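Working notes, structure below.
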Amino acid sequence: MERDEARKRIEELSEELAYHNYRYYVLDSPVISDEQYDAMLVELEQLEEQFPEFRRPDSPTQRIGAEPSEQFATVEHAVPMLSLDKSFDEDELIEFDRRLKRHLRIDETEPIAYVCELKIDGLAVSLLYQDGVLVQGATRGDGRRGEDITANLRTIRSVPLRLQGDPPPVIEVRGEVYLPIREFERINAERAAADEPLFANPRNCAAGSVRQLDPSITASRRLDIFCYGTGRVEGVRFASHSEELELLRTLGCKVNPNVESVASIEEARAYCLGWVDRRGELEYAVDGVVVKADLVALQEQAGSTSHGPRWATAYKFAAVEAETVVRDIEVTVARTGQLTPVAVMEPVFVDGSTVSRAILHNEDEVARKDVRIGDHVIIRKAGDVIPEVVRSLPERRTGDEQPFSMPANCPVCGTEVERAEGEAATRCPNLNCPARRLSLLLHWGGRQAMDIDGLGDSLAAQLLDRGLVDRPEDLYRLTVEQVEGLERMARKSAQNLIAAIEASKGRGLERLIFALGIMHVGRTAAARLTEHFSSLRGIASASAEELQQVPDIGPKIAQSIISYFARPENAELPERLEALGIDTRRHEPEADAGTALAGLTFVFTGALEQMTRPRAEKIVVNLGGRATSSVSRNTDYVVAGPGAGSKLEKARELGVAVLTEEEFLAMVGGAGGS
């Protein structure tokens with residue numbers, strides 16, 4: 001692959017994976033399969049290895065998970081909750097064993113004892129006990145910071161509020177919260193009777209249940225937990241993981257009964273293969289097996305990368321496939337005007353849920369897979385919210401099947417659609433298309449944008465249909481009296497919505513930029529623009545050259561921003577938003593203000609242990625310095641953490657000063673402590 005092509009592909013993959021990472025970990029609403037995500041991540045890792053100069057500071061390969069939601073207080077994990085490397089088949093499982101032995105300098109013929117545990121398809125949590133009493137519960141979050149969900153976890157009956165026996169003075173128990181399949185079916189039956197949207201699978205329901213602001217909702221869901229290990233522990237040392245699990249059992253923690261200690265990787269392999277067909281016997285969803293080196297001494301010797309421990313792997317079960325029939329191919333319209341074909345299929349039960357729809361992405365994808373209306377198709381699903389159409393079965397055709405073609409006109413507003421040269425997307429150019437307006441309104445009120453609690457599909461549609469709202473800014477002109485007249489909106493609900501809209505005015509510049517829904521401007525671009533410009537007015541008036549000086553903002557994004565603010569309806573948008581009381585300016589934290597790093601340029605590489613990379617870069621900017629993603633002769637300092645690679649080597653070649661994270665924090669006077 002040529003350099004320019006590699007750079008573009010790395011940018012595409014980084015943006016797409018960041019989006020899907022957000023959908024999976026923050027929204028609990030993935031739109032692609034785990035296998036599709038893993039394939040993209042592997043491709044990105046390989047490209048970054050080949051072209052390290054194009055690795056972005058915010059690359060998905062440099063992080064563990066997604067940022068925690070701001071609905072709950074943040075919890076710092078004393079011991080990071082790292083992710084696991086994955087093994088997708090028997091060969092990769094055997095290679096994991098060989099790789100571990102090479103790292104430990106153990107002869108390849110010498111067996112390593114492992115512990116095999118079913119990989120529960122739920123939500124990883126941390127339970128902190130002091131003197132045997134539960135004092136805090138948190139989500140995994142990004143691995144270093146999670147969300148405080150103590151009140152919700154207390155409602156799970158299998159979570160001990162007080163440990164049994166003689167517990168250590170401090171122990172952090174880690175486990176996987178899950179929803180039994182029977183309970184999942186009960187909840188969905190109730191939601192169907194109430195004409196509410198159904199949960200797609202048990203994991204999705206469990207994650208949404210644990211992260212409810214109202215603990216009574218969590219309590220009504222009858223969640224369960226399996227505990228699988230510990231984080232911070234005081235006063236106790238384990239010789240093996242088996243010993244660790246046994247302690248958890250004696251303390252009254254629920255440990256999965258199917259855990260098995262094995263003497264070698266061959267026995268671990270047999271355990272994994274034995275559960276491939278047996279997983280349907282379980283009353284809960286599993287998507288693989290976790291294989292861990294048993295001896296703690298080996299674990300400590302092996303250590304971890306910035307991503308996860310070298311001494312463990314997650315053997316992933318292959319996705320489940322099923323055959324069904326495509327009854328129709330519908331076309332939906334997104335806020336950007338993009339038309340997306342969706343296969344409407346004969347309902348089929350597969351891997352824990354009934355599937356009837358699958359996104360086909362674009363016209364080229366439909367043609368590539370040769371999917372026709374009336375076709376028998378193979379769909380693949382592995383605990384995902386939306387399945388994948390793998391292939392059609394042309395040998396099953398009768399001659400009555402109908403090829404699909406993208407409509408010439410928008411299916412919602414009738415406007416002639418457009419497809420730009422070199423792009424796969426077909427779009428409706430009508431900015432007043434009802435589907436675009438509804439999608440934009442929902443995007444504006446979404447959790448990662450202006451976070452307006454209560455602004456759901458039904459309410460948003462009513463606001464538009466009744467002419468109460470035309471553009472998102474009109475939300476800030478609504479009154480309680482207008483809202484309480486809508487369907488299912490009593491006085492209290494109307495008051496709550498208006499309060500949520502009022503609270504959204506102070507979300508900040510970064511969220512506001514993302515909420516605008518500018519084509520190609522996602523969360524990463526919004527963050528970069530916020531770092532560079534002090535206000536929305538500044539962005540709206542910037543030239544293409546000025547915009548392209550911002551890291552990660554190329555010609556395509558710059559032109560999209562310029563085109564957005566050039567539209568007549570957006571010409572005075574910053575001023576209108578300000579008049580409505582919406583905060584359109586960037587605010588720097590006063591504690592970090594200063595000029596201690598004025599004129600100095602920093603590059604961060606490798607894993608940071610005490611803060612996120614965006615936080616470190618913000619400290620530099622707030623103290624008058626500059627943070628860049630590439631090392632040059634103009635770089636003053638490179639801050640290198642574990643896993644630092646080509647940037648560290650280049651710094652040494654150029655004679656650039658290299659700092660550890662601790663040295664950097666000492667230089668900035670502890671500014672990273674907040």
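The way I read the labels, and the way they are meant: chains A, B, ... in the order of the structure tokens, residue 1 as the first residue of every chain, and ligand 1 as the first ligand shown, with later ones counted on from there.
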Practice task
Could you find all residues in region 70-294 of chain A that DSSP calls strand (DSSP E or B) from the backbone, and write them as a ChimeraX atom specification?
Solution key: /A:74-76,85-87,114-120,123-130,133-139,145-148,162,170-178,224-234,240,260-262,286-293
Need the shell around region 253-269 of chain A: protein/DNA/RNA residues with any atom at most 8 Å away, counting only C-alpha atoms. Skip same-chain ones fewer than 6 positions apart. Format as a short mmCIF file (atom, residue, chain, number, x, y, z; two decimals) with N, CA and C atoms, in the first residue's frame?
data_model
loop_
_atom_site.label_atom_id
_atom_site.label_comp_id
_atom_site.auth_asym_id
_atom_site.auth_seq_id
_atom_site.Cartn_x
_atom_site.Cartn_y
_atom_site.Cartn_z
N GLU A 90 -8.37 -22.24 16.98
CA GLU A 90 -7.46 -23.11 17.72
C GLU A 90 -6.00 -22.72 17.51
N LEU A 93 -5.06 -19.78 19.59
CA LEU A 93 -4.97 -20.16 21.00
C LEU A 93 -3.62 -20.81 21.29
N ILE A 94 -3.20 -21.71 20.41
CA ILE A 94 -1.89 -22.37 20.57
C ILE A 94 -0.77 -21.34 20.46
N ASP A 97 -0.11 -19.46 23.64
CA ASP A 97 0.73 -20.25 24.57
C ASP A 97 2.20 -20.16 24.18
N PRO A 111 4.74 -27.59 29.77
CA PRO A 111 3.36 -27.10 29.84
C PRO A 111 3.19 -25.99 30.88
N ILE A 112 2.24 -25.12 30.61
CA ILE A 112 1.84 -24.08 31.56
C ILE A 112 0.42 -24.42 32.03
N ALA A 113 0.20 -24.33 33.33
CA ALA A 113 -1.13 -24.59 33.89
C ALA A 113 -2.02 -23.37 33.67
N TYR A 114 -3.23 -23.59 33.22
CA TYR A 114 -4.17 -22.50 32.95
C TYR A 114 -5.47 -22.71 33.72
N VAL A 115 -6.22 -21.62 33.85
CA VAL A 115 -7.59 -21.68 34.35
C VAL A 115 -8.51 -21.23 33.22
N CYS A 116 -9.54 -22.02 32.94
CA CYS A 116 -10.49 -21.69 31.86
C CYS A 116 -11.82 -21.27 32.48
N GLU A 117 -12.34 -20.13 32.03
CA GLU A 117 -13.60 -19.61 32.54
C GLU A 117 -14.48 -19.19 31.37
N LEU A 118 -15.75 -19.48 31.44
CA LEU A 118 -16.67 -19.03 30.40
C LEU A 118 -16.69 -17.50 30.37
N SER A 158 -27.35 -11.13 44.16
CA SER A 158 -26.16 -11.98 44.26
C SER A 158 -24.90 -11.19 44.58
N VAL A 159 -24.99 -9.86 44.68
CA VAL A 159 -23.85 -9.04 45.10
C VAL A 159 -23.88 -8.94 46.63
N PRO A 160 -22.87 -9.47 47.32
CA PRO A 160 -22.87 -9.39 48.79
C PRO A 160 -22.73 -7.94 49.27
N LEU A 163 -19.24 -9.15 53.06
CA LEU A 163 -18.57 -10.41 52.75
C LEU A 163 -18.63 -11.36 53.94
N ILE A 225 -24.78 -11.82 38.76
CA ILE A 225 -23.35 -11.53 38.59
C ILE A 225 -22.54 -12.80 38.79
N PHE A 226 -21.43 -12.91 38.05
CA PHE A 226 -20.40 -13.90 38.30
C PHE A 226 -19.11 -13.15 38.60
N CYS A 227 -18.45 -13.47 39.70
CA CYS A 227 -17.19 -12.81 40.05
C CYS A 227 -16.02 -13.63 39.51
N TYR A 228 -15.04 -12.95 38.95
CA TYR A 228 -13.96 -13.68 38.27
C TYR A 228 -12.55 -13.28 38.71
N SER A 242 -6.43 -19.84 40.80
CA SER A 242 -7.36 -20.81 41.40
C SER A 242 -7.58 -20.47 42.87
N LEU A 245 -9.86 -17.41 43.16
CA LEU A 245 -11.27 -17.74 42.98
C LEU A 245 -11.84 -18.45 44.20
N VAL A 291 -8.92 -17.74 29.00
CA VAL A 291 -7.86 -18.66 29.40
C VAL A 291 -6.76 -17.85 30.08
N ASP A 294 -2.34 -19.81 35.44
CA ASP A 294 -2.82 -19.97 36.82
C ASP A 294 -1.87 -19.36 37.85
#
Exercise for the section: Enumerate the residues of region 517-604 of chain A with a DSSP assignment of alpha helix (DSSP H), computed from the backbone, and present them as an MDAnalysis selection string. Expected result: chainID A and resid 523:532 536:540 544:547 555:566 573:579
For C-alpha atoms, I'd like the residues from the last selection saved as a compact mmCIF listing (two decimals), in the first residue's frame.
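Output contents, as saved in again00.txt:
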# COMPACT_ATOMS: atom_id res chain seq x y z
CA ARG A 523 -16.30 13.63 18.37
CA THR A 524 -12.59 13.62 17.55
CA ALA A 525 -12.87 16.54 15.13
CA ALA A 526 -15.06 18.44 17.61
CA ALA A 527 -12.44 17.99 20.33
CA ARG A 528 -9.64 19.19 18.03
CA LEU A 529 -11.61 22.25 16.94
CA THR A 530 -12.34 23.10 20.57
CA GLU A 531 -8.65 22.91 21.44
CA HIS A 532 -7.77 25.28 18.59
CA LEU A 536 -18.16 28.83 17.77
CA ARG A 537 -17.93 32.24 16.11
CA GLY A 538 -14.23 31.62 15.52
CA ILE A 539 -14.91 28.29 13.83
CA ALA A 540 -17.74 29.75 11.73
CA ALA A 544 -10.05 26.60 4.90
CA GLU A 545 -6.36 27.28 5.57
CA GLU A 546 -7.02 28.13 9.22
CA LEU A 547 -9.17 25.05 9.73
CA PRO A 555 -9.42 19.46 3.33
CA LYS A 556 -12.59 17.33 3.30
CA ILE A 557 -13.63 18.23 6.86
CA ALA A 558 -12.57 21.87 6.43
CA GLN A 559 -14.73 22.23 3.32
CA SER A 560 -17.67 20.58 5.08
CA ILE A 561 -17.44 23.10 7.93
CA ILE A 562 -17.23 26.05 5.55
CA SER A 563 -20.19 24.78 3.52
CA TYR A 564 -22.24 24.32 6.68
CA PHE A 565 -21.81 27.90 7.90
CA ALA A 566 -22.21 29.27 4.36
CA LEU A 573 -26.19 30.61 13.98
CA PRO A 574 -23.53 31.36 16.66
CA GLU A 575 -25.21 34.68 17.45
CA ARG A 576 -28.66 33.07 17.64
CA LEU A 577 -27.44 30.34 19.96
CA GLU A 578 -25.78 32.91 22.21
CA ALA A 579 -29.03 34.92 22.36
Fill in the blank from the handout: Students should find that CA of Asn432 (chain A) and CA of Ser535 (chain A) are spaced 27.2 Å
Exercise for the section: Skip Leu134 (chain A) itself and residues of its chain fewer than 2 positions away, then list as a PyMOL selection string all residues within 9 Å of it, counting only C-alpha atoms. Expected result: chain A and resi 127-132+136-137+150+154+160-163
Write the residues you've just listed into a file as an mmCIF file, in the first residue's frame, and include C-alpha atoms for each of them.
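For reference, out14.cif as written:
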data_model
loop_
_atom_site.group_PDB
_atom_site.id
_atom_site.type_symbol
_atom_site.label_atom_id
_atom_site.label_comp_id
_atom_site.auth_asym_id
_atom_site.auth_seq_id
_atom_site.Cartn_x
_atom_site.Cartn_y
_atom_site.Cartn_z
ATOM 1 C CA LEU A 127 -16.957 -3.971 43.796
ATOM 2 C CA LEU A 128 -14.863 -2.319 46.514
ATOM 3 C CA TYR A 129 -15.142 -3.740 50.044
ATOM 4 C CA GLN A 130 -13.619 -2.144 53.143
ATOM 5 C CA ASP A 131 -13.644 -4.252 56.314
ATOM 6 C CA GLY A 132 -15.969 -6.606 54.471
ATOM 7 C CA GLN A 136 -18.388 1.379 46.094
ATOM 8 C CA GLY A 137 -19.390 -0.219 42.807
ATOM 9 C CA THR A 150 -22.989 1.705 43.723
ATOM 10 C CA ARG A 154 -26.642 -2.938 45.617
ATOM 11 C CA PRO A 160 -22.875 -9.392 48.794
ATOM 12 C CA LEU A 161 -23.442 -6.218 50.782
ATOM 13 C CA ARG A 162 -21.147 -7.710 53.405
ATOM 14 C CA LEU A 163 -18.573 -10.407 52.752
#
Spatial neighbours of Cys433 (chain A), 9 Å, only C-alpha atoms, chain gap at least 4 places, as a tab-separated table (two decimals) with C-alpha atoms, in the first residue's frame:
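out_26.tsv, written as the output of this step:
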chain	number	residue	atom	x	y	z
A	333	VAL	CA	-32.62	8.44	5.75
A	337	GLY	CA	-29.20	12.72	4.23
A	410	CYS	CA	-35.80	10.25	-1.34
A	412	VAL	CA	-39.43	10.34	2.66
A	413	CYS	CA	-39.59	13.72	0.91
A	414	GLY	CA	-39.37	12.78	-2.79
A	415	THR	CA	-36.33	14.94	-3.53
A	428	CYS	CA	-31.00	13.27	0.00
A	429	PRO	CA	-29.86	16.90	-0.44
A	437	ARG	CA	-34.87	16.89	10.58
A	438	LEU	CA	-36.00	14.15	12.98
Handout entry: Contacts of Leu475 (chain A) within 9 Å, only C-alpha atoms, excl. fewer than 6 positions in-chain, as a PyMOL selection string
Key = chain A and resi 463+468-469+498+501
Exercise for the section: Rank A:Ile149, A:Leu213, A:Ala408, A:Ile10 by their smallest atom-to-atom distance to Asp453 (chain A), using only C-alpha atoms, and report the top residue only. Expected result: A:Leu213
Completion exercise
Correct to one decimal, the distance CA of Arg335 (chain A)-CA of Leu455 (chain A) is 16.1 Å
Problem - Contact residues around region 515-520 of chain A with only C-alpha atoms at 7 Å, ignoring same-chain residues under 2 positions, as an MDAnalysis selection string - result: chainID A and resid 336 440 443:444 449:450 511:513 522 557 560:561 564
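Considering the residues A:Gly399, A:Pro168, A:Pro202, A:Pro80 and counting only C-alpha atoms, Glu183 (chain A) has its shortest atom-to-atom contact with A:Pro202.
Among A:Asp107, A:Glu176, A:Glu662, A:Glu300, the residue with the shortest atom-to-atom distance to Gly229 (chain A), counting only C-alpha atoms, is A:Glu176.
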Handout entry: Within 12 Å of Thr398 (chain A) using only C-alpha atoms, minus same-chain residues under 3 positions, as JSON, numbers by chain
Key = {"A": [372, 373, 374, 375, 376, 393, 394, 395, 401, 402]}
Could you write out that same residue set with N, CA and C atoms as a short mmCIF file (atom, residue, chain, number, x, y, z; two decimals), in the first residue's frame?
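selection.cif was written with the following content:
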data_model
loop_
_atom_site.label_atom_id
_atom_site.label_comp_id
_atom_site.auth_asym_id
_atom_site.auth_seq_id
_atom_site.Cartn_x
_atom_site.Cartn_y
_atom_site.Cartn_z
N ARG A 372 -31.01 -9.96 -3.11
CA ARG A 372 -32.23 -9.57 -3.81
C ARG A 372 -33.45 -9.78 -2.93
N ILE A 373 -34.49 -9.03 -3.19
CA ILE A 373 -35.74 -9.20 -2.46
C ILE A 373 -36.31 -10.58 -2.83
N GLY A 374 -36.58 -11.38 -1.81
CA GLY A 374 -37.05 -12.74 -2.03
C GLY A 374 -35.95 -13.77 -1.88
N ASP A 375 -34.69 -13.34 -1.77
CA ASP A 375 -33.56 -14.26 -1.65
C ASP A 375 -33.56 -15.00 -0.31
N HIS A 376 -33.11 -16.26 -0.35
CA HIS A 376 -32.68 -16.94 0.86
C HIS A 376 -31.27 -16.45 1.15
N LEU A 393 -28.11 -16.95 -1.29
CA LEU A 393 -28.04 -18.34 -1.76
C LEU A 393 -28.70 -18.42 -3.13
N PRO A 394 -27.96 -18.07 -4.19
CA PRO A 394 -28.54 -18.04 -5.53
C PRO A 394 -29.09 -19.39 -5.98
N GLU A 395 -28.56 -20.47 -5.42
CA GLU A 395 -29.06 -21.80 -5.81
C GLU A 395 -30.48 -22.05 -5.33
N GLU A 401 -37.26 -13.47 -7.63
CA GLU A 401 -36.51 -12.51 -6.81
C GLU A 401 -36.32 -11.20 -7.57
N GLN A 402 -36.27 -10.10 -6.84
CA GLN A 402 -36.15 -8.77 -7.46
C GLN A 402 -34.83 -8.11 -7.05
#
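With only C-alpha atoms as the atoms that count, the residue of A:Leu665, A:Ile378, A:Leu100, A:Ala322 with the shortest distance to Glu609 (chain A) is A:Leu665.
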Exercise for the section: Kindly indicate which residue among A:Thr230, A:Asn496, A:Gln164, A:Ser458 lies nearest to Gly252 (chain A), using only C-alpha atoms for the distances. Expected result: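 Of the candidates, the smallest distance to Gly252 (chain A) is held by A:Gln164.
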Completion exercise
Judged by only C-alpha atoms, the minimum distance to Gly122 (chain A) among A:Ala239, A:Ala302, A:Ile181, A:Leu648 is found for A:Ile181
